[in-house]
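Coordinates from run-v6.pdb are shown below (PDB, C-alpha atoms).
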MODEL        1
ATOM      1  CA  MET D   1       0.000   0.000   0.000  1.00  0.00           C
ATOM      2  CA  LYS D   2       1.260   3.424  -0.889  1.00  0.00           C
ATOM      3  CA  ALA D   3      -0.326   6.419   0.801  1.00  0.00           C
ATOM      4  CA  LYS D   4      -1.047   9.572  -1.136  1.00  0.00           C
ATOM      5  CA  PRO D   5       1.287  12.525  -0.475  1.00  0.00           C
ATOM      6  CA  SER D   6      -1.775  14.432   0.682  1.00  0.00           C
ATOM      7  CA  LEU D   7      -2.020  12.117   3.708  1.00  0.00           C
ATOM      8  CA  GLU D   8       1.088  13.638   5.300  1.00  0.00           C
ATOM      9  CA  GLN D   9      -0.159  17.115   4.429  1.00  0.00           C
ATOM     10  CA  ALA D  10      -3.575  16.357   5.930  1.00  0.00           C
ATOM     11  CA  LEU D  11      -1.943  15.122   9.138  1.00  0.00           C
ATOM     12  CA  CYS D  12       0.051  18.356   9.326  1.00  0.00           C
ATOM     13  CA  ILE D  13      -3.036  20.488   8.659  1.00  0.00           C
ATOM     14  CA  VAL D  14      -5.019  18.770  11.396  1.00  0.00           C
ATOM     15  CA  ALA D  15      -2.089  18.981  13.841  1.00  0.00           C
ATOM     16  CA  PHE D  16      -1.646  22.664  12.968  1.00  0.00           C
ATOM     17  CA  LEU D  17      -5.347  23.271  13.599  1.00  0.00           C
ATOM     18  CA  GLY D  18      -5.173  21.195  16.773  1.00  0.00           C
ATOM     19  CA  ILE D  19      -3.075  23.946  18.331  1.00  0.00           C
ATOM     20  CA  GLN D  20      -5.105  26.790  16.812  1.00  0.00           C
ATOM     21  CA  ASP D  21      -7.692  28.359  19.116  1.00  0.00           C
ATOM     22  CA  ARG D  22     -10.928  26.787  17.839  1.00  0.00           C
ATOM     23  CA  GLN D  23     -12.747  30.108  18.210  1.00  0.00           C
ATOM     24  CA  ILE D  24     -10.412  31.707  15.646  1.00  0.00           C
ATOM     25  CA  PRO D  25     -10.443  30.217  12.127  1.00  0.00           C
ATOM     26  CA  LEU D  26      -7.018  29.982  10.515  1.00  0.00           C
ATOM     27  CA  HIS D  27      -6.886  31.529   7.059  1.00  0.00           C
ATOM     28  CA  SER D  28      -6.221  28.917   4.375  1.00  0.00           C
ATOM     29  CA  SER D  29      -3.583  31.030   2.622  1.00  0.00           C
ATOM     30  CA  LEU D  30      -1.482  31.008   5.822  1.00  0.00           C
ATOM     31  CA  VAL D  31      -1.773  27.225   6.090  1.00  0.00           C
ATOM     32  CA  ALA D  32      -0.887  26.738   2.412  1.00  0.00           C
ATOM     33  CA  GLU D  33       2.098  29.062   2.697  1.00  0.00           C
ATOM     34  CA  ARG D  34       3.358  27.315   5.838  1.00  0.00           C
ATOM     35  CA  LEU D  35       3.069  23.906   4.149  1.00  0.00           C
ATOM     36  CA  GLY D  36       4.558  25.141   0.898  1.00  0.00           C
ATOM     37  CA  ILE D  37       1.577  24.084  -1.213  1.00  0.00           C
ATOM     38  CA  SER D  38      -0.857  25.990  -3.408  1.00  0.00           C
ATOM     39  CA  THR D  39      -4.144  27.192  -1.956  1.00  0.00           C
ATOM     40  CA  SER D  40      -6.014  25.213  -4.629  1.00  0.00           C
ATOM     41  CA  TYR D  41      -4.254  21.992  -3.538  1.00  0.00           C
ATOM     42  CA  LEU D  42      -4.936  22.839   0.117  1.00  0.00           C
ATOM     43  CA  LYS D  43      -8.595  23.307  -0.780  1.00  0.00           C
ATOM     44  CA  LYS D  44      -8.762  19.750  -2.174  1.00  0.00           C
ATOM     45  CA  ILE D  45      -7.270  18.323   1.024  1.00  0.00           C
ATOM     46  CA  VAL D  46      -9.558  20.441   3.200  1.00  0.00           C
ATOM     47  CA  GLN D  47     -12.581  19.252   1.189  1.00  0.00           C
ATOM     48  CA  ARG D  48     -11.689  15.645   1.976  1.00  0.00           C
ATOM     49  CA  LEU D  49     -11.127  16.463   5.647  1.00  0.00           C
ATOM     50  CA  ALA D  50     -14.460  18.321   5.718  1.00  0.00           C
ATOM     51  CA  ALA D  51     -16.228  15.354   4.115  1.00  0.00           C
ATOM     52  CA  GLY D  52     -14.729  13.252   6.936  1.00  0.00           C
ATOM     53  CA  LYS D  53     -16.171  15.735   9.454  1.00  0.00           C
ATOM     54  CA  ILE D  54     -12.702  16.616  10.733  1.00  0.00           C
ATOM     55  CA  VAL D  55     -12.570  20.274   9.700  1.00  0.00           C
ATOM     56  CA  LYS D  56     -14.979  22.919   8.531  1.00  0.00           C
ATOM     57  CA  THR D  57     -14.474  26.152   6.707  1.00  0.00           C
ATOM     58  CA  VAL D  58     -15.799  29.474   7.881  1.00  0.00           C
ATOM     59  CA  SER D  59     -16.435  32.049   5.176  1.00  0.00           C
ATOM     60  CA  GLY D  60     -15.945  35.773   5.437  1.00  0.00           C
ATOM     61  CA  ARG D  61     -13.151  38.250   6.002  1.00  0.00           C
ATOM     62  CA  VAL D  62     -12.068  36.575   9.234  1.00  0.00           C
ATOM     63  CA  GLY D  63     -12.897  33.104   7.926  1.00  0.00           C
ATOM     64  CA  GLY D  64     -10.660  30.115   7.547  1.00  0.00           C
ATOM     65  CA  ILE D  65     -10.377  26.515   8.678  1.00  0.00           C
ATOM     66  CA  VAL D  66     -11.197  25.063  12.117  1.00  0.00           C
ATOM     67  CA  LEU D  67     -11.437  21.589  13.594  1.00  0.00           C
ATOM     68  CA  THR D  68     -14.961  20.293  14.046  1.00  0.00           C
ATOM     69  CA  ARG D  69     -14.106  18.552  17.314  1.00  0.00           C
ATOM     70  CA  ASN D  70     -11.475  18.296  19.987  1.00  0.00           C
ATOM     71  CA  SER D  71      -8.096  17.077  18.730  1.00  0.00           C
ATOM     72  CA  HIS D  72      -8.248  14.176  21.221  1.00  0.00           C
ATOM     73  CA  ASP D  73     -11.365  12.945  19.400  1.00  0.00           C
ATOM     74  CA  ILE D  74      -9.677  12.824  15.984  1.00  0.00           C
ATOM     75  CA  THR D  75      -7.662   9.667  15.372  1.00  0.00           C
ATOM     76  CA  LEU D  76      -5.041   9.004  12.755  1.00  0.00           C
ATOM     77  CA  LEU D  77      -7.533   6.524  11.289  1.00  0.00           C
ATOM     78  CA  ASP D  78     -10.100   9.322  10.848  1.00  0.00           C
ATOM     79  CA  ILE D  79      -7.575  11.288   8.803  1.00  0.00           C
ATOM     80  CA  PHE D  80      -6.394   8.231   6.883  1.00  0.00           C
ATOM     81  CA  ASP D  81      -9.967   7.345   5.913  1.00  0.00           C
ATOM     82  CA  ALA D  82     -10.754  10.939   4.938  1.00  0.00           C
ATOM     83  CA  ILE D  83      -7.811  11.050   2.530  1.00  0.00           C
ATOM     84  CA  GLU D  84      -7.363   7.456   1.394  1.00  0.00           C
ATOM     85  CA  GLY D  85     -10.946   6.281   1.795  1.00  0.00           C
ATOM     86  CA  PRO D  86     -12.215   3.375   3.881  1.00  0.00           C
ATOM     87  CA  GLN D  87     -11.981   0.763   1.101  1.00  0.00           C
ATOM     88  CA  SER D  88      -9.765  -2.280   1.524  1.00  0.00           C
ATOM     89  CA  PHE D  89      -6.138  -2.222   0.431  1.00  0.00           C
ATOM     90  CA  VAL D  90      -6.581  -5.409  -1.602  1.00  0.00           C
ATOM     91  CA  LYS D  91      -9.796  -6.286  -3.393  1.00  0.00           C
ATOM     92  CA  ASN D  92     -10.822  -9.886  -3.836  1.00  0.00           C
ATOM     93  CA  THR D  93     -11.726 -10.224  -7.484  1.00  0.00           C
ATOM     94  CA  GLY D  94     -12.170 -13.983  -7.283  1.00  0.00           C
ATOM     95  CA  LEU D  95      -9.068 -14.602  -9.395  1.00  0.00           C
ATOM     96  CA  VAL D  96      -7.289 -16.740  -6.758  1.00  0.00           C
ATOM     97  CA  LYS D  97     -10.377 -18.923  -6.373  1.00  0.00           C
ATOM     98  CA  ARG D  98     -10.768 -19.182 -10.128  1.00  0.00           C
ATOM     99  CA  LEU D  99      -7.144 -20.191 -10.558  1.00  0.00           C
ATOM    100  CA  PHE D 100      -6.766 -22.671  -7.694  1.00  0.00           C
ATOM    101  CA  ASP D 101     -10.252 -23.868  -6.769  1.00  0.00           C
ATOM    102  CA  PHE D 102     -10.412 -26.869  -9.072  1.00  0.00           C
ATOM    103  CA  GLU D 103     -13.989 -27.893  -9.814  1.00  0.00           C
ATOM    104  CA  GLN D 104     -12.703 -31.092 -11.357  1.00  0.00           C
ATOM    105  CA  ARG D 105     -10.032 -31.825  -8.761  1.00  0.00           C
ATOM    106  CA  ASP D 106     -10.112 -35.622  -9.132  1.00  0.00           C
ATOM    107  CA  GLN D 107      -9.792 -35.452 -12.907  1.00  0.00           C
ATOM    108  CA  PHE D 108      -6.914 -32.958 -12.573  1.00  0.00           C
ATOM    109  CA  MET D 109      -5.071 -35.211 -10.114  1.00  0.00           C
ATOM    110  CA  ARG D 110      -5.530 -38.288 -12.339  1.00  0.00           C
ATOM    111  CA  MET D 111      -4.315 -36.404 -15.417  1.00  0.00           C
ATOM    112  CA  TYR D 112      -1.069 -35.463 -13.692  1.00  0.00           C
ATOM    113  CA  GLY D 113      -0.700 -38.628 -11.633  1.00  0.00           C
ATOM    114  CA  LEU D 114      -1.003 -36.787  -8.328  1.00  0.00           C
ATOM    115  CA  LYS D 115      -1.834 -38.697  -5.169  1.00  0.00           C
ATOM    116  CA  ASN D 116      -2.250 -35.593  -3.056  1.00  0.00           C
ATOM    117  CA  LEU D 117      -2.671 -31.967  -3.941  1.00  0.00           C
ATOM    118  CA  HIS D 118      -1.800 -29.427  -1.267  1.00  0.00           C
ATOM    119  CA  GLY D 119      -1.111 -25.742  -1.370  1.00  0.00           C
ATOM    120  CA  GLU D 120      -4.029 -24.287  -3.229  1.00  0.00           C
ATOM    121  CA  GLN D 121      -5.607 -23.213   0.061  1.00  0.00           C
ATOM    122  CA  SER D 122      -2.339 -21.549   1.094  1.00  0.00           C
ATOM    123  CA  VAL D 123      -2.445 -19.403  -2.013  1.00  0.00           C
ATOM    124  CA  ALA D 124      -6.044 -18.466  -1.282  1.00  0.00           C
ATOM    125  CA  ASN D 125      -5.054 -17.515   2.265  1.00  0.00           C
ATOM    126  CA  VAL D 126      -2.799 -14.753   0.934  1.00  0.00           C
ATOM    127  CA  LEU D 127      -5.820 -12.454   0.613  1.00  0.00           C
ATOM    128  CA  ALA D 128      -6.852 -13.310   4.160  1.00  0.00           C
ATOM    129  CA  THR D 129      -3.324 -12.400   5.297  1.00  0.00           C
ATOM    130  CA  PHE D 130      -3.587  -9.010   3.606  1.00  0.00           C
ATOM    131  CA  GLY D 131      -6.973  -8.547   5.265  1.00  0.00           C
ATOM    132  CA  ALA D 132      -5.564  -9.354   8.703  1.00  0.00           C
ATOM    133  CA  ALA D 133      -2.624  -6.991   8.151  1.00  0.00           C
ATOM    134  CA  GLU D 134      -4.987  -4.216   7.106  1.00  0.00           C
ATOM    135  CA  LYS D 135      -7.124  -4.802  10.194  1.00  0.00           C
ATOM    136  CA  GLN D 136      -4.046  -4.461  12.433  1.00  0.00           C
ATOM    137  CA  TYR D 137      -2.940  -1.342  10.551  1.00  0.00           C
ATOM    138  CA  ARG D 138      -6.335   0.294  11.030  1.00  0.00           C
ATOM    139  CA  GLN D 139      -6.502  -0.729  14.684  1.00  0.00           C
ATOM    140  CA  GLN D 140      -3.094   0.834  15.290  1.00  0.00           C
ATOM    141  CA  LEU D 141      -4.104   4.095  13.593  1.00  0.00           C
ATOM    142  CA  ALA D 142      -7.245   4.196  15.745  1.00  0.00           C
ATOM    143  CA  THR D 143      -5.191   4.108  18.961  1.00  0.00           C
ATOM    144  CA  LEU D 144      -3.539   7.497  18.477  1.00  0.00           C
ATOM    145  CA  SER D 145      -5.307  10.832  18.356  1.00  0.00           C
ATOM    146  CA  ILE D 146      -3.974  14.104  17.019  1.00  0.00           C
ATOM    147  CA  GLY D 147      -4.301  15.486  20.553  1.00  0.00           C
ATOM    148  CA  ASP D 148      -1.893  12.798  21.773  1.00  0.00           C
ATOM    149  CA  ILE D 149       0.912  14.053  19.540  1.00  0.00           C
ATOM    150  CA  LEU D 150       0.524  17.810  19.942  1.00  0.00           C
ATOM    151  CA  PRO D 151       2.950  19.842  22.037  1.00  0.00           C
ATOM    152  CA  SER D 152       1.763  21.014  25.424  1.00  0.00           C
ATOM    153  CA  ASN D 153       2.523  23.840  27.787  1.00  0.00           C
ATOM    154  CA  GLY D 154       3.324  21.761  30.834  1.00  0.00           C
ATOM    155  CA  SER D 155       0.152  19.908  31.749  1.00  0.00           C
ATOM    156  CA  GLN D 156      -2.095  21.913  29.415  1.00  0.00           C
ATOM    157  CA  PRO D 157      -2.437  21.359  25.670  1.00  0.00           C
ATOM    158  CA  LEU D 158      -0.943  24.199  23.691  1.00  0.00           C
ATOM    159  CA  GLU D 159      -3.623  26.513  22.258  1.00  0.00           C
ATOM    160  CA  LEU D 160      -2.799  29.701  20.411  1.00  0.00           C
ATOM    161  CA  ASP D 161      -3.648  31.780  17.382  1.00  0.00           C
ATOM    162  CA  TRP D 162      -1.146  30.886  14.654  1.00  0.00           C
ATOM    163  CA  THR D 163      -2.120  34.031  12.752  1.00  0.00           C
ATOM    164  CA  THR D 164      -0.048  36.195  15.089  1.00  0.00           C
ATOM    165  CA  TRP D 165       3.047  34.084  14.449  1.00  0.00           C
ATOM    166  CA  LEU D 166       2.523  33.549  10.709  1.00  0.00           C
ATOM    167  CA  THR D 167       1.854  37.197   9.877  1.00  0.00           C
ATOM    168  CA  ARG D 168       4.693  38.725  11.908  1.00  0.00           C
TER     169      ARG D 168
ENDMDL
END

In structure tokens, write the structure found in this file.
Amino acid sequence: MKAKPSLEQALCIVAFLGIQDRQIPLHSSLVAERLGISTSYLKKIVQRLAAGKIVKTVSGRVGGIVLTRNSHDITLLDIFDAIEGPQSFVKNTGLVKRLFDFEQRDQFMRMYGLKNLHGEQSVANVLATFGAAEKQYRQQLATLSIGDILPSNGSQPLELDWTTWLTR
């Protein structure tokens, strides 16, 4: 599995917004500039995050982007699914079954003089192995929230208005 480059950017956007005071939207042009991406590309990422109910945009002169919920309630899996989608890494098209699930097994074995035929189930189990690996991957992503990785000010989570810093 290869993640889209926008996954890393989405993680950074959400982490950036996790520190931003949620009462003060962060202007998208400041986020795009900080990340070194175009505002149109940022908009595409933000649209996916908004569809995943992670961020929302506020229009107007003092508008921008804000998180829809507390950063401790947004997991890495939420962001992954918003960007990559919730579909499986590997899709079962039935090809393995078609190739190795012999409908005429006895005739096949007689033709090739085989007394035993083993291994076709092992090949079919490859898809199940991918499925189990994906399940573990998703479970691991679900264990960590954005709030868990953000810097803090002692015992309190860091909360500030990035605008002051970014427009200095």

Atom-to-atom span, CA of Ile146 in chain D and CA of Gly18 in chain D, Å: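 CA of Gly18 in chain D lies 7.2 Å from CA of Ile146 in chain D.
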
Residue neighbourhood Leu11 in chain D, 9 Å, only C-alpha atoms, exclusion window fewer than 4 positions, as a list in words: Ser6, Leu7, Ala15, Phe16, Leu76, Ile79, Phe80 and Ile146 of chain D

Hits from the PyMOL selection byres ((chain D and resi 134) around 12), listed as a PyMOL selection string: chain D and resi 1+77+86-91+127-133+135-141

Counting all atoms listed in the file, the option among D:His72, D:Tyr112, D:Leu99, D:Asp106 closest to Thr143 in chain D: D:His72

Option closest in space to Ile19 in chain D, from D:Asn70, D:Ser145, D:Arg168, D:Met109 [counting only C-alpha atoms]: D:Asn70

Contact residues around Gly63 in chain D with all atoms listed in the file at 8 Å, ignoring same-chain residues under 5 positions, as an MDAnalysis selection string: chainID D and resid 25:27 57:58

Between CA of Arg48 in chain D and CA of Pro151 in chain D, distance in Å (one decimal):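 Interatomic distance here is 25.2 Å.
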
Residue with smallest distance to Ala82 in chain D - pool D:Leu158, D:Ala51, D:Leu30, D:Leu166, counting all atoms listed in the file: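 Comparing D:Leu158, D:Ala51, D:Leu30, D:Leu166 against Ala82 in chain D, the winner is D:Ala51.
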
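The interatomic distance for the pair CA of Ser71 in chain D and CA of Val14 in chain D works out to 8.1 Å.
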
Output of the PyMOL selection byres ((chain D and resi 46) around 10), listed as an NGL selection string: :D and (10 or 13-14 or 28 or 40-45 or 47-52 or 54-57 or 65 or 82-83)

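If only C-alpha atoms are the atoms counted, then among D:Val126, D:Leu117, D:Pro5, D:Gly60 the closest residue to Arg105 in chain D is D:Leu117.
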
Residue with smallest distance to Asp73 in chain D - pool D:Val31, D:Ala3, D:Leu144, D:Leu160, counting all atoms listed in the file: D:Leu144
